[in-house]
>>> print(open('start_13.txt').read())   # compact mmCIF, C-alpha atoms
# COMPACT_ATOMS: atom_id res chain seq x y z
CA MET A 1 -29.53 -175.67 24.12
CA ALA A 2 -31.67 -174.17 26.87
CA SER A 3 -30.55 -170.94 28.51
CA ASP A 4 -29.59 -172.66 31.77
CA GLU A 5 -27.50 -175.19 29.85
CA ARG A 6 -25.73 -172.31 28.07
CA ARG A 7 -24.92 -170.76 31.45
CA ASP A 8 -23.61 -174.11 32.73
CA ALA A 9 -21.37 -174.53 29.67
CA SER A 10 -20.06 -171.00 30.10
CA ALA A 11 -19.30 -171.63 33.77
CA ARG A 12 -17.18 -174.65 32.83
CA GLY A 13 -15.21 -172.56 30.36
CA GLN A 14 -16.76 -174.46 27.45
CA PRO A 15 -18.59 -172.93 24.51
CA ALA A 16 -22.34 -173.13 24.30
CA ALA A 17 -23.41 -175.45 21.51
CA THR A 18 -23.45 -173.76 18.13
CA ASP A 19 -26.94 -173.79 16.68
CA PRO A 20 -26.70 -175.80 13.44
CA SER A 21 -29.57 -173.83 11.94
CA ARG A 22 -27.74 -170.57 12.52
CA ALA A 23 -25.83 -170.90 9.24
CA ALA A 24 -29.07 -170.82 7.32
CA ARG A 25 -30.23 -167.75 9.24
CA ALA A 26 -26.94 -165.89 9.27
CA VAL A 27 -27.17 -164.60 5.71
CA GLU A 28 -30.91 -164.77 5.27
CA PRO A 29 -32.71 -162.96 2.41
CA ARG A 30 -32.96 -159.57 4.12
CA LEU A 31 -29.20 -159.64 4.75
CA LEU A 32 -28.46 -160.82 1.24
CA GLU A 33 -30.29 -157.72 0.05
CA GLN A 34 -28.03 -155.68 2.32
CA TYR A 35 -24.99 -157.40 0.83
CA GLY A 36 -26.13 -156.77 -2.74
CA GLY A 37 -28.77 -159.43 -3.29
CA GLU A 38 -27.49 -162.55 -5.04
CA SER A 39 -24.31 -160.76 -6.08
CA ALA A 40 -21.12 -162.71 -6.52
CA ASP A 41 -19.76 -161.33 -3.25
CA ALA A 42 -22.96 -162.23 -1.37
CA LEU A 43 -22.70 -165.80 -2.62
CA LEU A 44 -19.06 -165.99 -1.55
CA LEU A 45 -20.09 -164.73 1.86
CA ARG A 46 -22.86 -167.31 2.14
CA ALA A 47 -20.38 -170.09 1.32
CA ALA A 48 -17.90 -168.79 3.90
CA VAL A 49 -20.59 -168.49 6.59
CA GLU A 50 -21.83 -172.03 6.06
CA ALA A 51 -18.26 -173.37 6.08
CA ALA A 52 -17.50 -171.48 9.30
CA TYR A 53 -20.55 -172.87 11.09
CA ALA A 54 -19.77 -176.39 9.90
CA ALA A 55 -16.27 -176.03 11.36
CA ALA A 56 -17.66 -174.54 14.58
CA GLN A 57 -19.82 -177.61 15.12
CA ILE A 58 -16.71 -179.81 15.10
CA ILE A 59 -14.85 -177.46 17.42
CA THR A 60 -17.74 -177.16 19.87
CA THR A 61 -18.30 -180.91 20.02
CA SER A 62 -14.60 -181.53 20.65
CA ALA A 63 -14.43 -178.86 23.35
CA ALA A 64 -16.63 -181.03 25.57
CA ASP A 65 -13.63 -183.21 26.37
CA ILE A 66 -10.40 -181.57 25.31
CA THR A 67 -8.39 -183.89 27.55
CA THR A 68 -8.78 -186.70 24.99
CA LEU A 69 -7.51 -184.71 22.01
CA ALA A 70 -4.29 -185.55 20.22
CA TRP A 71 -2.10 -182.54 19.51
CA GLN A 72 1.40 -181.95 18.32
CA GLU A 73 3.96 -179.14 18.38
CA LYS A 74 4.53 -177.67 14.91
CA SER A 75 7.23 -175.37 16.25
CA PRO A 76 8.06 -173.98 19.71
CA SER A 77 4.80 -172.77 21.33
CA ASP A 78 2.83 -173.45 18.12
CA PHE A 79 0.43 -176.39 18.23
CA VAL A 80 -1.95 -178.27 15.96
CA SER A 81 -4.67 -180.71 16.96
CA ASP A 82 -6.93 -183.22 15.29
CA VAL A 83 -9.66 -180.58 15.63
CA ASP A 84 -7.73 -178.08 13.50
CA ARG A 85 -7.38 -180.69 10.76
CA ALA A 86 -11.01 -181.86 10.93
CA SER A 87 -12.21 -178.26 10.92
CA GLU A 88 -10.20 -177.44 7.81
CA GLU A 89 -11.42 -180.60 6.08
CA ILE A 90 -15.09 -179.67 6.58
CA ILE A 91 -14.35 -176.13 5.39
CA ALA A 92 -12.82 -177.57 2.22
CA VAL A 93 -15.78 -179.89 1.62
CA THR A 94 -18.33 -177.13 2.21
CA LEU A 95 -16.60 -174.62 -0.03
CA GLU A 96 -16.15 -177.16 -2.80
CA LYS A 97 -19.90 -177.74 -2.72
CA LEU A 98 -20.91 -174.07 -2.57
CA ALA A 99 -18.08 -172.47 -4.55
CA PRO A 100 -16.80 -175.17 -6.92
CA GLY A 101 -13.49 -174.41 -8.57
CA ALA A 102 -12.30 -171.98 -5.91
CA ARG A 103 -8.93 -172.62 -4.28
CA LEU A 104 -8.49 -172.95 -0.53
CA ILE A 105 -5.40 -171.78 1.32
CA GLY A 106 -5.60 -173.18 4.83
CA GLU A 107 -3.24 -173.07 7.78
CA GLU A 108 -3.01 -176.84 8.15
CA ALA A 109 -3.39 -178.49 4.73
CA SER A 110 -1.83 -175.88 2.44
CA PRO A 111 0.21 -173.32 4.40
CA ASP A 112 3.02 -173.22 1.84
CA LEU A 113 0.83 -172.49 -1.18
CA GLU A 114 1.30 -169.04 -2.63
CA ILE A 115 -1.87 -166.96 -2.52
CA ALA A 116 -3.00 -166.69 -6.11
CA ARG A 117 -3.70 -163.22 -7.43
CA GLU A 118 -6.05 -164.60 -10.07
CA GLY A 119 -9.40 -166.33 -9.69
CA THR A 120 -11.30 -167.05 -6.48
CA VAL A 121 -9.30 -168.03 -3.41
CA PHE A 122 -10.55 -168.69 0.11
CA VAL A 123 -8.03 -168.08 2.92
CA ALA A 124 -8.99 -169.90 6.10
CA ASP A 125 -7.80 -170.42 9.63
CA PRO A 126 -9.90 -173.39 10.78
CA LEU A 127 -9.19 -172.74 14.46
CA ASP A 128 -7.56 -169.43 15.28
CA GLY A 129 -6.45 -169.65 18.88
CA THR A 130 -5.55 -173.34 19.03
CA THR A 131 -3.53 -172.97 22.23
CA ASN A 132 -6.48 -171.26 23.90
CA PHE A 133 -8.80 -174.04 22.74
CA LEU A 134 -6.50 -176.78 24.01
CA HIS A 135 -6.43 -175.20 27.47
CA GLY A 136 -10.14 -174.44 27.65
CA PHE A 137 -9.55 -170.68 27.44
CA PRO A 138 -12.65 -169.34 25.65
CA ALA A 139 -11.10 -167.18 22.93
CA TYR A 140 -10.92 -168.92 19.56
CA ALA A 141 -12.55 -168.53 16.19
CA VAL A 142 -13.01 -169.72 12.63
CA SER A 143 -11.75 -167.19 10.11
CA ILE A 144 -12.50 -167.36 6.36
CA ALA A 145 -11.92 -164.71 3.70
CA ALA A 146 -12.69 -164.81 -0.02
CA MET A 147 -10.41 -163.11 -2.53
CA VAL A 148 -11.12 -162.54 -6.22
CA ASP A 149 -8.18 -161.67 -8.46
CA GLY A 150 -6.15 -160.75 -5.39
CA GLU A 151 -8.79 -158.46 -3.84
CA LEU A 152 -10.56 -159.21 -0.57
CA ARG A 153 -14.28 -159.49 -1.34
CA ALA A 154 -15.92 -161.29 1.60
CA ALA A 155 -14.98 -162.08 5.19
CA VAL A 156 -16.27 -164.15 8.09
CA VAL A 157 -14.93 -164.40 11.63
CA LEU A 158 -17.02 -166.65 13.86
CA ASP A 159 -16.35 -166.40 17.59
CA VAL A 160 -17.12 -169.99 18.52
CA THR A 161 -17.60 -169.56 22.27
CA ARG A 162 -19.85 -166.50 22.00
CA ASP A 163 -21.64 -167.50 18.78
CA GLU A 164 -20.84 -164.05 17.38
CA LEU A 165 -20.68 -163.83 13.61
CA PHE A 166 -18.66 -160.97 12.10
CA THR A 167 -19.16 -160.52 8.36
CA ALA A 168 -18.28 -158.10 5.59
CA THR A 169 -18.32 -157.82 1.83
CA LEU A 170 -16.41 -155.21 -0.11
CA GLY A 171 -18.25 -151.89 -0.18
CA THR A 172 -21.18 -152.91 2.05
CA GLY A 173 -19.79 -152.29 5.53
CA ALA A 174 -19.21 -154.76 8.36
CA GLN A 175 -21.76 -156.51 10.57
CA LEU A 176 -22.00 -158.40 13.84
CA ASN A 177 -24.83 -160.93 13.77
CA GLY A 178 -26.37 -158.91 10.95
CA ALA A 179 -26.24 -155.49 12.64
CA PRO A 180 -23.89 -152.80 11.26
CA ILE A 181 -20.72 -152.14 13.24
CA SER A 182 -18.02 -149.49 13.09
CA VAL A 183 -14.65 -148.76 14.62
CA SER A 184 -14.55 -146.59 17.72
CA LYS A 185 -14.54 -142.79 17.59
CA LEU A 186 -12.06 -142.42 20.44
CA ARG A 187 -9.12 -140.12 19.75
CA GLU A 188 -7.38 -139.83 23.14
CA PRO A 189 -4.64 -142.44 23.68
CA SER A 190 -5.08 -142.13 27.45
CA ARG A 191 -8.56 -143.65 27.12
CA ALA A 192 -7.72 -146.23 24.47
CA LEU A 193 -7.76 -150.00 24.85
CA ILE A 194 -5.17 -151.57 22.56
CA GLY A 195 -5.00 -155.16 21.36
CA THR A 196 -1.75 -156.92 20.55
CA GLY A 197 -0.18 -160.27 19.75
CA PHE A 198 3.13 -161.63 21.03
CA PRO A 199 5.77 -162.74 18.47
CA PHE A 200 5.91 -166.18 20.07
CA LYS A 201 6.84 -167.99 16.83
CA HIS A 202 9.46 -165.44 15.81
CA ARG A 203 11.93 -165.12 18.65
CA ASP A 204 14.01 -162.53 16.76
CA LEU A 205 11.09 -160.10 17.07
CA ILE A 206 10.74 -160.38 20.84
CA ALA A 207 13.34 -157.73 21.65
CA PRO A 208 11.96 -155.02 19.31
CA TYR A 209 8.44 -155.85 20.47
CA ILE A 210 9.41 -155.46 24.12
CA ARG A 211 10.91 -152.05 23.32
CA GLN A 212 7.57 -150.97 21.85
CA LEU A 213 5.52 -151.91 24.91
CA PRO A 214 6.48 -149.31 27.55
CA GLY A 215 5.32 -146.31 25.53
CA VAL A 216 2.00 -147.92 24.66
CA MET A 217 1.45 -149.12 28.23
CA ALA A 218 2.27 -145.71 29.72
CA SER A 219 0.10 -143.76 27.29
CA THR A 220 -3.11 -145.83 27.10
CA ALA A 221 -5.84 -147.27 29.30
CA GLY A 222 -4.54 -150.78 28.76
CA ILE A 223 -3.23 -153.51 26.46
CA ARG A 224 -4.87 -156.90 25.91
CA ARG A 225 -3.50 -160.08 24.37
CA ALA A 226 -6.19 -162.74 24.04
CA GLY A 227 -4.36 -165.06 21.61
CA SER A 228 -6.56 -164.94 18.50
CA ALA A 229 -5.65 -162.35 15.88
CA ALA A 230 -8.93 -162.91 14.03
CA LEU A 231 -10.91 -162.01 17.15
CA ASP A 232 -8.59 -159.08 17.87
CA LEU A 233 -9.27 -157.62 14.43
CA ALA A 234 -12.99 -158.23 14.85
CA ALA A 235 -12.77 -156.38 18.17
CA VAL A 236 -11.24 -153.39 16.38
CA ALA A 237 -13.99 -153.53 13.76
CA CYS A 238 -16.77 -153.32 16.36
CA GLY A 239 -15.04 -150.76 18.58
CA ARG A 240 -14.07 -152.99 21.51
CA PHE A 241 -10.41 -152.26 20.76
CA ASP A 242 -9.35 -148.84 19.52
CA ALA A 243 -6.25 -150.20 17.77
CA PHE A 244 -4.17 -153.37 17.42
CA TRP A 245 -0.67 -154.34 16.35
CA GLU A 246 1.37 -157.48 15.85
CA LEU A 247 4.82 -157.81 14.32
CA MET A 248 4.24 -161.05 12.40
CA LEU A 249 1.02 -162.62 11.21
CA ALA A 250 0.25 -165.24 8.58
CA PRO A 251 -2.23 -164.62 5.73
CA TRP A 252 -4.94 -166.76 7.34
CA ASP A 253 -4.54 -164.85 10.63
CA MET A 254 -5.33 -161.50 9.05
CA ALA A 255 -7.27 -161.89 5.79
CA ALA A 256 -10.85 -161.83 7.08
CA GLY A 257 -10.10 -159.36 9.87
CA MET A 258 -8.50 -156.89 7.47
CA LEU A 259 -11.68 -156.59 5.45
CA LEU A 260 -13.80 -156.33 8.60
CA VAL A 261 -11.75 -153.42 9.91
CA ARG A 262 -11.67 -151.56 6.61
CA GLU A 263 -15.38 -152.00 6.01
CA ALA A 264 -16.03 -150.77 9.56
CA GLY A 265 -14.20 -147.53 8.79
CA GLY A 266 -10.77 -148.44 10.13
CA VAL A 267 -7.27 -148.35 8.70
CA VAL A 268 -5.03 -151.40 8.21
CA THR A 269 -1.36 -151.06 7.29
CA GLY A 270 2.06 -152.53 7.82
CA VAL A 271 4.59 -150.85 10.10
CA ASP A 272 5.73 -148.87 7.06
CA GLY A 273 2.32 -147.25 6.79
CA ALA A 274 1.51 -148.87 3.44
CA PRO A 275 -1.86 -150.66 3.09
CA SER A 276 -1.51 -154.25 4.25
CA ARG A 277 -1.71 -157.12 1.78
CA VAL A 278 -2.76 -160.68 2.57
CA ALA A 279 0.71 -162.02 3.21
CA HIS A 280 3.11 -162.83 6.02
CA GLY A 281 4.06 -159.67 7.86
CA ALA A 282 3.35 -157.04 10.48
CA LEU A 283 -0.01 -155.37 10.89
CA VAL A 284 -1.18 -152.16 12.55
CA CYS A 285 -4.86 -151.23 12.54
CA GLY A 286 -7.42 -149.13 14.33
CA ASN A 287 -9.77 -146.24 13.98
CA PRO A 288 -8.05 -143.54 11.88
CA ALA A 289 -6.86 -141.45 14.83
CA MET A 290 -5.61 -144.32 16.99
CA HIS A 291 -4.04 -146.11 14.04
CA ARG A 292 -2.00 -142.99 13.31
CA TRP A 293 -0.95 -142.65 16.95
CA LEU A 294 0.02 -146.31 17.31
CA LEU A 295 1.86 -146.39 13.99
CA ASP A 296 3.85 -143.29 14.95
CA HIS A 297 4.81 -144.89 18.26
CA ILE A 298 5.92 -148.14 16.63
CA THR A 299 7.82 -146.27 13.92
CA THR A 300 9.64 -144.18 16.52
CA SER A 301 10.59 -147.30 18.49
CA THR A 302 11.83 -149.02 15.35
CA GLN A 303 13.89 -145.96 14.40
CA ARG A 304 15.53 -145.93 17.82
CA ASP A 305 16.47 -149.61 17.30
CA THR A 306 18.00 -148.77 13.94
CA ASP A 307 19.97 -145.83 15.30
CA SER A 308 21.30 -147.72 18.33
>>> encode(input="start_13.txt", output="structure tokens")
Amino acid sequence: MASDERRDASARGQPAATDPSRAARAVEPRLLEQYGGESADALLLRAAVEAAYAAAQIITTSAADITTLAWQEKSPSDFVSDVDRASEEIIAVTLEKLAPGARLIGEEASPDLEIAREGTVFVADPLDGTTNFLHGFPAYAVSIAAMVDGELRAAVVLDVTRDELFTATLGTGAQLNGAPISVSKLREPSRALIGTGFPFKHRDLIAPYIRQLPGVMASTAGIRRAGSAALDLAAVACGRFDAFWELMLAPWDMAAGMLLVREAGGVVTGVDGAPSRVAHGALVCGNPAMHRWLLDHITTSTQRDTDS
């Protein structure tokens, strides 16, 4: 797409067309060398990147006329569309071709499958930020992580509207479009920008979440809730956010982002301070200093709830 056409698409709130050749370039030979050559993790990453771009093509094409899409309510304020399903289907087909024998845990087709702690498992959110997508709000992504014997080994978060590719493999660091990234160095809460997610699917968590907000709001430069946990975690990994928390996420919401943050030098835990696992639960992350500050604040708020 020409540059003026990209600007026009952006002005309409629609994503610029994803370049179909980008998948081939995204993990090109020089980057494969950076990721360990043709290592097992590099090959898993290549498969995840190609699957993410295949899904992004479906999403981008469908975004041109979202008014015609069929979508249903899975639960209050939680939606699924034909695009989510088609995106997950192409992810499954691509991964089966490039990583035969691996299992896929996806939000739409297999949300109830237990994440195996043996063998190779891909954990994918085919369209993270479905509600944003359905309303033309340009904050949604494809998120795919690869696990081997229960350990996160490779991660991809593709920001569809910006064509930003966040990648990581275990022990090699994190990258944005091939360039190394790291969490922020900021240590002063008063200057920090914090990301968050609302517990919209878990109404029992609304009250404790609301009690956590005032202290964070009063002590920081601001709080942002864009509606895509995968992009929020990617934002922490590249230093756009200094920290992030959410009281309930699903495995496919967090898997890829967890590895991105850790490989970028950040810390990812539950509200108990223990390292997060790929499972349903709360998540707190950030650069080491801001993670500690945010975790202490949340812990204090939770303790007050328990004592009251």
>>> residues_around(input="start_13.txt", residues="Val268 in chain A", least_positions_apart="4", cutoff="10 Å", atoms="all atoms listed in the file", output="PyMOL selection string")
chain A and resi 233+243-245+257-259+261-262+273-277+283-288+291
>>> atom_distance(input="start_13.txt", atom1="CA of Thr300 in chain A", atom2="CA of Phe200 in chain A")
22.6 Å
>>> closest_residue(input="start_13.txt", among="A:Met147, A:Leu45, A:Leu127, A:Asp82", to="Arg103 in chain A", atoms="only C-alpha atoms")
A:Met147
>>> atom_distance(input="start_13.txt", atom1="CA of Thr220 in chain A", atom2="CA of Ala234 in chain A")
20.0 Å
>>> closest_atom_pairs(input="start_13.txt", of="range 135-215 of chain A", to="range 50-64 of chain A", cutoff="9 Å", atoms="all atoms listed in the file", output="Markdown table")
| residue | atom | partner | partner_atom | distance |
| --- | --- | --- | --- | --- |
| A:Gly136 | CA | A:Ala63 | CA | 7.5 |
| A:Ala141 | CA | A:Ala56 | CA | 8.1 |
| A:Val142 | CA | A:Ala52 | CA | 5.9 |
| A:Ser143 | CA | A:Ala52 | CA | 7.2 |
| A:Ile144 | CA | A:Ala52 | CA | 7.1 |
| A:Val156 | CA | A:Ala52 | CA | 7.5 |
| A:Val157 | CA | A:Ala52 | CA | 7.9 |
| A:Leu158 | CA | A:Ala52 | CA | 6.7 |
| A:Asp159 | CA | A:Ala56 | CA | 8.8 |
| A:Val160 | CA | A:Ala56 | CA | 6.0 |
| A:Thr161 | CA | A:Thr60 | CA | 8.0 |
>>> write_last_selection(input="start_13.txt", atoms="C-alpha atoms", output="compact mmCIF listing (two decimals), in the frame of the given file")
# COMPACT_ATOMS: atom_id res chain seq x y z
CA GLY A 136 -10.14 -174.44 27.65
CA ALA A 141 -12.55 -168.53 16.19
CA VAL A 142 -13.01 -169.72 12.63
CA SER A 143 -11.75 -167.19 10.11
CA ILE A 144 -12.50 -167.36 6.36
CA VAL A 156 -16.27 -164.15 8.09
CA VAL A 157 -14.93 -164.40 11.63
CA LEU A 158 -17.02 -166.65 13.86
CA ASP A 159 -16.35 -166.40 17.59
CA VAL A 160 -17.12 -169.99 18.52
CA THR A 161 -17.60 -169.56 22.27
>>> atom_distance(input="start_13.txt", atom1="CA of Asp41 in chain A", atom2="CA of Gly150 in chain A")
13.8 Å
>>> closest_residue(input="start_13.txt", among="A:Leu260, A:Leu104, A:Ala229, A:Leu98", to="Gly171 in chain A", atoms="all atoms listed in the file")
A:Leu260
>>> closest_residue(input="start_13.txt", among="A:Ala168, A:Ile90, A:Val271, A:Leu213", to="Cys238 in chain A", atoms="all atoms listed in the file")
A:Ala168
